[in-house]
file final09.tsv (TSV, C-alpha atoms and all ligand atoms)
chain	number	residue	atom	x	y	z
A	185	MET	CA	-145.28	24.88	-180.35
A	186	ALA	CA	-143.47	25.31	-177.05
A	187	ARG	CA	-139.95	26.53	-176.27
A	188	VAL	CA	-137.77	23.91	-174.59
A	189	LEU	CA	-134.40	24.75	-173.06
A	190	VAL	CA	-131.89	21.89	-173.33
A	191	THR	CA	-129.15	22.93	-170.91
A	192	ARG	CA	-126.28	20.91	-172.37
A	193	GLN	CA	-125.51	18.71	-175.31
A	194	LEU	CA	-127.37	15.41	-175.43
A	195	PRO	CA	-126.21	12.27	-177.24
A	196	ASP	CA	-126.65	12.32	-181.03
A	197	GLY	CA	-130.34	12.35	-181.86
A	198	GLY	CA	-131.22	12.87	-178.20
A	199	VAL	CA	-133.47	15.84	-178.88
A	200	ASN	CA	-135.18	14.22	-181.88
A	201	PRO	CA	-138.45	13.56	-180.01
A	202	LEU	CA	-138.75	17.28	-179.18
A	203	ALA	CA	-138.11	18.25	-182.79
A	204	ALA	CA	-140.55	15.61	-184.06
A	205	ALA	CA	-143.20	16.98	-181.71
A	206	GLY	CA	-142.66	20.39	-183.31
A	207	HIS	CA	-141.16	22.13	-180.30
A	208	GLU	CA	-138.59	24.89	-180.55
A	209	ILE	CA	-135.32	23.80	-178.95
A	210	VAL	CA	-133.19	26.41	-177.22
A	211	THR	CA	-129.67	25.22	-176.60
A	212	ARG	CA	-126.05	26.24	-177.03
A	213	ALA	CA	-122.98	24.67	-178.54
A	214	ALA	CA	-120.84	24.56	-175.39
A	215	ASP	CA	-121.03	21.31	-173.44
A	216	THR	CA	-120.29	22.86	-170.07
A	217	PRO	CA	-122.80	23.42	-167.28
A	218	PHE	CA	-124.45	26.84	-167.07
A	219	THR	CA	-123.34	28.93	-164.11
A	220	PRO	CA	-126.23	29.50	-161.64
A	221	ALA	CA	-126.69	33.04	-163.05
A	222	GLU	CA	-126.69	31.78	-166.65
A	223	LEU	CA	-129.24	29.13	-165.77
A	224	VAL	CA	-131.54	31.69	-164.15
A	225	ALA	CA	-131.29	33.84	-167.27
A	226	ALA	CA	-131.80	30.87	-169.61
A	227	VAL	CA	-135.05	29.60	-168.07
A	228	ALA	CA	-136.88	32.88	-168.62
A	229	ASP	CA	-139.29	32.53	-171.56
A	230	VAL	CA	-139.25	28.74	-171.87
A	231	ASP	CA	-142.10	26.29	-171.26
A	232	ALA	CA	-139.87	23.37	-170.38
A	233	VAL	CA	-136.32	22.49	-169.42
A	234	VAL	CA	-134.36	19.34	-170.21
A	235	CYS	CA	-131.44	19.38	-167.78
A	236	LEU	CA	-128.52	17.25	-166.66
A	237	LEU	CA	-127.42	16.19	-163.19
A	238	THR	CA	-124.75	18.91	-163.34
A	239	ASP	CA	-127.49	21.59	-163.28
A	240	ARG	CA	-128.67	22.71	-159.84
A	241	ILE	CA	-132.37	23.41	-160.26
A	242	ASP	CA	-133.15	25.34	-157.09
A	243	ASP	CA	-136.02	27.65	-156.24
A	244	ALA	CA	-134.26	30.66	-157.80
A	245	VAL	CA	-134.10	28.84	-161.13
A	246	LEU	CA	-137.69	27.64	-160.86
A	247	ALA	CA	-138.84	31.15	-159.92
A	248	ALA	CA	-137.03	32.56	-162.95
A	249	GLY	CA	-139.20	30.31	-165.11
A	250	GLY	CA	-142.22	32.34	-163.95
A	251	ASP	CA	-145.71	31.20	-164.87
A	252	ARG	CA	-144.51	29.91	-168.22
A	253	LEU	CA	-142.30	27.07	-167.00
A	254	ARG	CA	-144.35	23.84	-166.72
A	255	VAL	CA	-141.93	20.96	-166.65
A	256	VAL	CA	-138.30	20.15	-165.88
A	257	ALA	CA	-136.97	16.78	-167.05
A	258	ASN	CA	-133.66	15.54	-165.66
A	259	VAL	CA	-131.66	13.26	-167.98
A	260	ALA	CA	-130.84	11.03	-165.02
A	261	VAL	CA	-132.70	8.71	-162.72
A	262	GLY	CA	-131.38	10.50	-159.60
A	263	TYR	CA	-132.89	13.94	-159.04
A	264	ASP	CA	-131.06	15.22	-155.96
A	265	ASN	CA	-129.95	18.22	-158.07
A	266	ILE	CA	-133.56	19.42	-158.23
A	267	ASP	CA	-135.58	21.02	-155.44
A	268	VAL	CA	-138.67	18.90	-156.09
A	269	THR	CA	-140.64	20.38	-153.17
A	270	ALA	CA	-140.11	23.91	-154.51
A	271	ALA	CA	-141.07	22.77	-158.02
A	272	HIS	CA	-144.29	21.20	-156.82
A	273	ALA	CA	-145.12	24.30	-154.78
A	274	ARG	CA	-144.84	26.26	-158.04
A	275	GLY	CA	-146.92	23.74	-159.98
A	276	ILE	CA	-143.94	22.62	-162.06
A	277	THR	CA	-143.74	18.93	-162.97
A	278	ILE	CA	-140.44	17.09	-162.56
A	279	CYS	CA	-139.51	14.06	-164.67
A	280	ASN	CA	-136.53	11.70	-164.58
A	281	THR	CA	-135.39	8.62	-166.52
A	282	PRO	CA	-136.20	5.50	-164.49
A	283	GLY	CA	-135.94	2.02	-165.94
A	284	VAL	CA	-133.68	2.61	-168.94
A	285	LEU	CA	-130.28	2.63	-167.24
A	286	ASP	CA	-130.57	-0.20	-164.72
A	287	ASP	CA	-128.63	-2.85	-166.62
A	288	THR	CA	-125.92	-0.48	-167.84
A	289	THR	CA	-125.37	0.83	-164.31
A	290	ALA	CA	-125.44	-2.68	-162.86
A	291	ASP	CA	-122.80	-3.71	-165.41
A	292	LEU	CA	-120.58	-0.91	-164.14
A	293	ALA	CA	-121.20	-1.84	-160.50
A	294	PHE	CA	-120.03	-5.33	-161.40
A	295	LEU	CA	-116.98	-3.97	-163.18
A	296	LEU	CA	-116.08	-2.13	-159.96
A	297	ILE	CA	-116.81	-5.22	-157.84
A	298	LEU	CA	-114.48	-7.27	-160.02
A	299	SER	CA	-111.73	-4.69	-160.41
A	300	ALA	CA	-111.64	-3.72	-156.73
A	301	SER	CA	-111.82	-7.33	-155.49
A	302	ARG	CA	-109.15	-8.62	-157.89
A	303	LEU	CA	-106.99	-5.46	-157.78
A	304	ALA	CA	-107.09	-5.35	-161.59
A	305	HIS	CA	-106.61	-1.58	-161.61
A	306	VAL	CA	-103.54	-1.81	-159.34
A	307	ALA	CA	-101.96	-4.50	-161.51
A	308	GLU	CA	-102.76	-2.61	-164.72
A	309	ALA	CA	-101.22	0.61	-163.38
A	310	ASP	CA	-98.03	-1.27	-162.44
A	311	LEU	CA	-97.82	-2.89	-165.85
A	312	ARG	CA	-98.21	0.46	-167.64
A	313	SER	CA	-95.70	2.25	-165.43
A	314	GLY	CA	-93.06	-0.46	-165.84
A	315	ALA	CA	-93.38	-1.52	-162.19
A	316	TRP	CA	-94.21	-5.13	-163.12
A	317	HIS	CA	-90.96	-7.07	-163.14
A	318	GLY	CA	-92.31	-10.55	-163.76
A	319	TRP	CA	-94.77	-13.08	-162.44
A	320	SER	CA	-94.68	-14.07	-158.82
A	321	ILE	CA	-97.02	-16.22	-156.80
A	322	ASN	CA	-97.78	-13.62	-154.16
A	323	GLN	CA	-98.46	-10.74	-156.51
A	324	TYR	CA	-101.74	-8.87	-156.70
A	325	LEU	CA	-103.62	-11.28	-154.49
A	326	GLY	CA	-107.22	-10.18	-154.45
A	327	ARG	CA	-110.45	-11.59	-153.09
A	328	ASP	CA	-112.68	-14.01	-154.97
A	329	VAL	CA	-115.94	-12.61	-156.27
A	330	HIS	CA	-117.47	-15.98	-157.11
A	331	GLY	CA	-119.09	-17.51	-154.07
A	332	ALA	CA	-118.82	-14.30	-152.03
A	333	THR	CA	-121.73	-12.78	-150.13
A	334	LEU	CA	-122.96	-9.55	-151.68
A	335	GLY	CA	-124.79	-6.95	-149.59
A	336	LEU	CA	-126.98	-4.53	-151.51
A	337	VAL	CA	-127.88	-1.33	-149.71
A	338	GLY	CA	-131.04	-0.24	-151.50
A	339	TYR	CA	-133.00	-2.75	-153.52
A	340	GLY	CA	-134.67	-0.87	-156.35
A	341	ARG	CA	-134.31	-1.59	-160.04
A	342	ILE	CA	-130.52	-1.13	-160.17
A	343	GLY	CA	-129.87	-3.13	-156.97
A	344	ARG	CA	-131.95	-5.98	-158.37
A	345	ALA	CA	-130.07	-5.86	-161.68
A	346	VAL	CA	-126.82	-6.25	-159.70
A	347	ALA	CA	-128.38	-9.18	-157.80
A	348	ARG	CA	-129.19	-10.93	-161.10
A	349	ARG	CA	-125.56	-10.64	-162.18
A	350	ALA	CA	-124.40	-11.93	-158.79
A	351	SER	CA	-126.35	-15.14	-159.23
A	352	GLY	CA	-124.21	-15.94	-162.28
A	353	PHE	CA	-121.15	-15.70	-160.03
A	354	GLY	CA	-122.64	-18.10	-157.50
A	355	MET	CA	-122.86	-15.34	-154.90
A	356	SER	CA	-125.25	-15.21	-151.98
A	357	VAL	CA	-127.14	-11.91	-151.96
A	358	LEU	CA	-128.52	-10.02	-148.96
A	359	HIS	CA	-130.20	-6.63	-149.14
A	360	HIS	CA	-131.04	-3.84	-146.75
A	361	THR	CA	-133.91	-1.42	-147.23
A	362	ARG	CA	-135.60	0.66	-144.55
A	363	ARG	CA	-138.96	-1.00	-145.15
A	364	ASP	CA	-139.26	-4.78	-145.23
A	365	SER	CA	-138.97	-5.80	-148.88
A	366	GLY	CA	-140.82	-9.00	-148.02
A	367	GLU	CA	-138.22	-10.87	-150.06
A	368	ALA	CA	-135.65	-13.50	-149.17
A	369	GLY	CA	-132.35	-11.96	-148.12
A	370	TRP	CA	-133.79	-8.84	-146.50
A	371	VAL	CA	-131.76	-7.67	-143.50
A	372	ASP	CA	-133.52	-5.13	-141.29
A	373	ASP	CA	-130.38	-3.65	-139.74
A	374	LEU	CA	-127.73	-1.95	-141.90
A	375	HIS	CA	-124.87	-2.74	-139.51
A	376	ARG	CA	-125.84	-6.40	-139.41
A	377	LEU	CA	-125.75	-6.56	-143.20
A	378	LEU	CA	-122.38	-4.76	-143.31
A	379	ARG	CA	-120.96	-7.15	-140.73
A	380	GLU	CA	-122.01	-10.26	-142.66
A	381	VAL	CA	-121.14	-9.56	-146.27
A	382	ASP	CA	-117.93	-9.66	-148.33
A	383	ILE	CA	-118.92	-7.02	-150.87
A	384	VAL	CA	-121.21	-4.02	-150.30
A	385	SER	CA	-122.81	-2.25	-153.26
A	386	LEU	CA	-124.81	0.95	-152.74
A	387	HIS	CA	-128.06	1.56	-154.63
A	388	VAL	CA	-129.95	4.20	-152.65
A	389	PRO	CA	-131.02	7.63	-153.87
A	390	LEU	CA	-129.37	10.63	-152.22
A	391	ASN	CA	-131.63	12.35	-149.71
A	392	ASP	CA	-131.48	13.50	-146.08
A	393	ALA	CA	-131.79	9.91	-144.86
A	394	THR	CA	-128.94	8.58	-147.01
A	395	ARG	CA	-126.37	11.41	-146.81
A	396	HIS	CA	-123.24	9.83	-145.22
A	397	LEU	CA	-125.15	6.59	-144.71
A	398	ILE	CA	-121.73	4.93	-144.91
A	399	GLY	CA	-119.39	6.68	-142.49
A	400	ALA	CA	-116.68	5.68	-140.04
A	401	ALA	CA	-119.08	3.66	-137.84
A	402	GLU	CA	-120.38	1.65	-140.81
A	403	LEU	CA	-116.91	1.03	-142.26
A	404	ALA	CA	-115.73	-0.11	-138.84
A	405	VAL	CA	-118.21	-3.01	-138.73
A	406	MET	CA	-117.32	-4.28	-142.20
A	407	LYS	CA	-114.90	-7.18	-142.60
A	408	PRO	CA	-111.24	-6.23	-143.09
A	409	THR	CA	-111.49	-8.24	-146.32
A	410	ALA	CA	-114.59	-6.35	-147.52
A	411	VAL	CA	-115.00	-4.36	-150.71
A	412	LEU	CA	-117.24	-1.29	-150.98
A	413	VAL	CA	-118.73	-0.18	-154.30
A	414	ASN	CA	-120.60	3.07	-154.87
A	415	THR	CA	-122.41	3.75	-158.14
A	416	ALA	CA	-125.25	5.67	-156.45
A	417	ARG	CA	-124.34	9.20	-155.35
A	418	GLY	CA	-121.08	10.41	-153.80
A	419	PRO	CA	-122.48	11.98	-150.61
A	420	VAL	CA	-123.95	8.61	-149.56
A	421	VAL	CA	-120.38	7.82	-148.45
A	422	ASP	CA	-118.21	9.93	-146.16
A	423	GLU	CA	-115.15	10.08	-148.43
A	424	VAL	CA	-112.71	11.06	-145.71
A	425	ALA	CA	-113.86	8.16	-143.53
A	426	LEU	CA	-113.59	5.82	-146.52
A	427	ALA	CA	-110.09	6.99	-147.35
A	428	SER	CA	-108.93	6.38	-143.80
A	429	ALA	CA	-110.66	2.96	-143.69
A	430	LEU	CA	-108.72	1.97	-146.82
A	431	THR	CA	-105.47	3.38	-145.54
A	432	ASN	CA	-105.84	1.70	-142.14
A	433	GLY	CA	-106.93	-1.64	-143.58
A	434	THR	CA	-110.37	-1.41	-141.96
A	435	ILE	CA	-111.69	-2.64	-145.32
A	436	PHE	CA	-109.83	-4.22	-148.24
A	437	ALA	CA	-110.76	-2.19	-151.31
A	438	ALA	CA	-113.25	0.18	-152.89
A	439	GLY	CA	-114.73	0.87	-156.30
A	440	ILE	CA	-116.16	4.36	-156.60
A	441	ASP	CA	-117.94	5.97	-159.56
A	442	VAL	CA	-119.52	8.97	-157.79
A	443	PHE	CA	-118.05	11.65	-155.52
A	444	GLU	CA	-119.13	14.11	-152.88
A	445	GLN	CA	-118.02	17.22	-154.81
A	446	GLU	CA	-117.90	16.21	-158.47
A	447	PRO	CA	-115.73	16.75	-160.42
A	448	THR	CA	-113.37	17.20	-157.45
A	449	VAL	CA	-112.17	13.98	-155.87
A	450	HIS	CA	-111.00	14.27	-152.29
A	451	PRO	CA	-107.18	14.05	-152.24
A	452	ALA	CA	-107.36	11.50	-149.42
A	453	LEU	CA	-109.42	9.22	-151.65
A	454	LEU	CA	-107.05	9.73	-154.59
A	455	ALA	CA	-104.21	8.67	-152.31
A	456	ALA	CA	-106.03	5.72	-150.70
A	457	PRO	CA	-104.70	2.24	-151.57
A	458	ARG	CA	-106.64	-0.44	-153.46
A	459	THR	CA	-109.20	2.04	-154.72
A	460	VAL	CA	-110.57	2.14	-158.26
A	461	LEU	CA	-112.05	5.51	-159.15
A	462	LEU	CA	-114.18	6.23	-162.22
A	463	PRO	CA	-115.59	9.60	-163.33
A	464	HIS	CA	-119.36	8.95	-162.90
A	465	ILE	CA	-119.85	6.70	-165.93
A	466	GLY	CA	-122.48	4.31	-164.52
A	467	SER	CA	-124.97	4.84	-167.35
A	468	ALA	CA	-122.42	5.78	-169.99
A	469	SER	CA	-123.19	3.59	-172.96
A	470	VAL	CA	-124.29	5.03	-176.30
A	471	ALA	CA	-127.61	3.18	-176.24
A	472	THR	CA	-128.45	3.97	-172.63
A	473	ARG	CA	-127.53	7.65	-172.70
A	474	THR	CA	-129.59	8.02	-175.91
A	475	ARG	CA	-132.55	6.24	-174.29
A	476	MET	CA	-132.25	8.50	-171.24
A	477	ALA	CA	-132.40	11.60	-173.43
A	478	HIS	CA	-135.46	10.24	-175.24
A	479	VAL	CA	-137.25	9.37	-172.00
A	480	ALA	CA	-136.60	12.87	-170.61
A	481	CYS	CA	-137.83	14.48	-173.85
A	482	SER	CA	-140.92	12.26	-173.91
A	483	GLY	CA	-141.76	13.39	-170.38
A	484	VAL	CA	-141.60	17.01	-171.50
A	485	ILE	CA	-143.73	16.33	-174.58
A	486	SER	CA	-146.42	14.58	-172.50
A	487	VAL	CA	-146.60	17.29	-169.85
A	488	LEU	CA	-146.80	20.01	-172.51
A	489	ALA	CA	-149.64	18.03	-174.12
A	490	GLY	CA	-151.50	18.04	-170.80
A	491	GLU	CA	-150.79	14.39	-170.04
A	492	THR	CA	-149.09	12.72	-167.08
A	493	PRO	CA	-146.07	10.70	-168.27
A	494	PRO	CA	-144.94	7.56	-166.43
A	495	ASN	CA	-141.63	9.20	-165.49
A	496	VAL	CA	-143.07	11.92	-163.25
A	497	VAL	CA	-141.28	12.32	-159.91
B	501	LIG	C1	-126.89	9.01	-163.09
B	501	LIG	O1	-126.13	9.14	-162.18
B	501	LIG	C2	-128.31	9.02	-162.96
B	501	LIG	O2	-128.84	9.31	-161.88
B	501	LIG	O3	-128.98	8.73	-163.96
call {"tool": "encode", "arguments": {"input": "final09.tsv", "output": "structure tokens"}}
result
Amino acid sequence: MARVLVTRQLPDGGVNPLAAAGHEIVTRAADTPFTPAELVAAVADVDAVVCLLTDRIDDAVLAAGGDRLRVVANVAVGYDNIDVTAAHARGITICNTPGVLDDTTADLAFLLILSASRLAHVAEADLRSGAWHGWSINQYLGRDVHGATLGLVGYGRIGRAVARRASGFGMSVLHHTRRDSGEAGWVDDLHRLLREVDIVSLHVPLNDATRHLIGAAELAVMKPTAVLVNTARGPVVDEVALASALTNGTIFAAGIDVFEQEPTVHPALLAAPRTVLLPHIGSASVATRTRMAHVACSGVISVLAGETPPNVV
């Protein structure tokens, strides 16, 4: 029997695989992130950690795990909150949750594409606040999604799931990846893709190559009618540049689910027009969040059993 720290609450039944495997679960009732000092203290004397994307797993945390800590499993597909290089240097395995959240996240990307393009959130806010005084032909004129050209930046599992949805809307789909995908619609140059498409949806992981991938220069080449959607990671977009592009009419609208300094949202972005903002809910369905918890726990169970699970980073 091993001791497994679960840093925050998981969905109902999320830790069941750990319990079924006979492991001791160390957790706490509060559903708030540990402070860095609390996290360092909590990883002492555990064999494994199941953590959330709100936990920063840096070398100090990994070091605090000493020789006992063998595996850290992030209940997320993105793992930019974990110092993977430091973990590997210490012989600690890192797991994530690929594959189980693609469709749920793609659904949300499409929700943002639709809401931002059709200004549904603007119209809804007016209706609720009493600012809608009756139908008029020039009200809330958005951009059509059907028949538009969609540009996917990043073309992994989630990007492809968005592409499948786009085909139902009769959209043309282009994608940009650094390496040639070898597939129809690949555009080698990011600026060329941004110039050509009506809607841009971001599906890259956050790393040194993608931090501020979309900044003032990229927004400047997009069409003034374009819509930008980000369900990947906040720092992929320069929020200040985005806010000024929206304010200046450099682009038409944006749909944003992830932020540079979560849970803080830059005031300029909050004030920007035609912007729909959601609090990082891309994978937030009961079924998907439960599956994510199970995949993370299964990774821990396999590593503790001396096996290599499929979800090793
Ligand atoms: C959520 O943002 C995830 O990376 O799973």
call {"tool": "closest_residue", "arguments": {"input": "final09.tsv", "among": "A:Ala225, A:Leu358, A:Gly340, A:Tyr263", "to": "ligand LIG 501 (chain B)", "atoms": "only C-alpha atoms and all ligand atoms"}}
result
A:Tyr263
call {"tool": "residues_near_point", "arguments": {"input": "final09.tsv", "point": "(-134.5, 15.1, -178.3)", "cutoff": "9 Å", "atoms": "all atoms listed in the file", "output": "JSON, numbers by chain"}}
result
{"A": [190, 194, 195, 196, 197, 198, 199, 200, 201, 202, 203, 204, 209, 474, 477, 478, 479, 480, 481, 482]}
call {"tool": "closest_atom_pairs", "arguments": {"input": "final09.tsv", "of": "chain A", "to": "ligand LIG 501 (chain B)", "cutoff": "7 Å", "atoms": "only C-alpha atoms and all ligand atoms", "output": "Markdown table"}}
result
| residue | atom | partner | partner_atom | distance |
| --- | --- | --- | --- | --- |
| A:Val259 | CA | B:LIG501 | O3 | 6.6 |
| A:Ala260 | CA | B:LIG501 | O3 | 3.1 |
| A:Val261 | CA | B:LIG501 | O3 | 3.9 |
| A:Gly262 | CA | B:LIG501 | O2 | 3.6 |
| A:Tyr263 | CA | B:LIG501 | O2 | 6.8 |
| A:Thr281 | CA | B:LIG501 | O3 | 6.9 |
| A:Ala416 | CA | B:LIG501 | O1 | 6.8 |
| A:His464 | CA | B:LIG501 | O1 | 6.8 |
| A:Gly466 | CA | B:LIG501 | O1 | 6.5 |
| A:Ser467 | CA | B:LIG501 | C1 | 6.3 |
call {"tool": "residues_around", "arguments": {"input": "final09.tsv", "residues": "A:Leu453", "least_positions_apart": "2", "cutoff": "12 Å", "atoms": "only C-alpha atoms", "output": "PyMOL selection string"}}
result
chain A and resi 418+421-431+437-440+442-444+448-451+455-462
call {"tool": "residues_around", "arguments": {"input": "final09.tsv", "residues": "A:Leu246", "least_positions_apart": "6", "cutoff": "12 Å", "atoms": "only C-alpha atoms", "output": "PyMOL selection string"}}
result
chain A and resi 220+223-233+240+252-256+266-278
call {"tool": "residues_near_point", "arguments": {"input": "final09.tsv", "point": "(-118.9, 20.6, -174.3)", "cutoff": "8 Å", "atoms": "only C-alpha atoms", "output": "JSON, numbers by chain"}}
result
{"A": [192, 193, 213, 214, 215, 216]}
call {"tool": "write_last_selection", "arguments": {"input": "final09.tsv", "atoms": "C-alpha atoms", "output": "mmCIF file, keeping the file's coordinate frame"}}
result
data_model
loop_
_atom_site.group_PDB
_atom_site.id
_atom_site.type_symbol
_atom_site.label_atom_id
_atom_site.label_comp_id
_atom_site.auth_asym_id
_atom_site.auth_seq_id
_atom_site.Cartn_x
_atom_site.Cartn_y
_atom_site.Cartn_z
ATOM 1 C CA ARG A 192 -126.280 20.910 -172.370
ATOM 2 C CA GLN A 193 -125.510 18.710 -175.310
ATOM 3 C CA ALA A 213 -122.980 24.670 -178.540
ATOM 4 C CA ALA A 214 -120.840 24.560 -175.390
ATOM 5 C CA ASP A 215 -121.030 21.310 -173.440
ATOM 6 C CA THR A 216 -120.290 22.860 -170.070
#
call {"tool": "residues_around", "arguments": {"input": "final09.tsv", "residues": "A:Asp328", "least_positions_apart": "6", "cutoff": "12 Å", "atoms": "only C-alpha atoms", "output": "count of residues only"}}
result
16
call {"tool": "atom_distance", "arguments": {"input": "final09.tsv", "atom1": "atom CA of A:Leu295", "atom2": "atom CA of A:Ala307"}}
result
15.1 Å
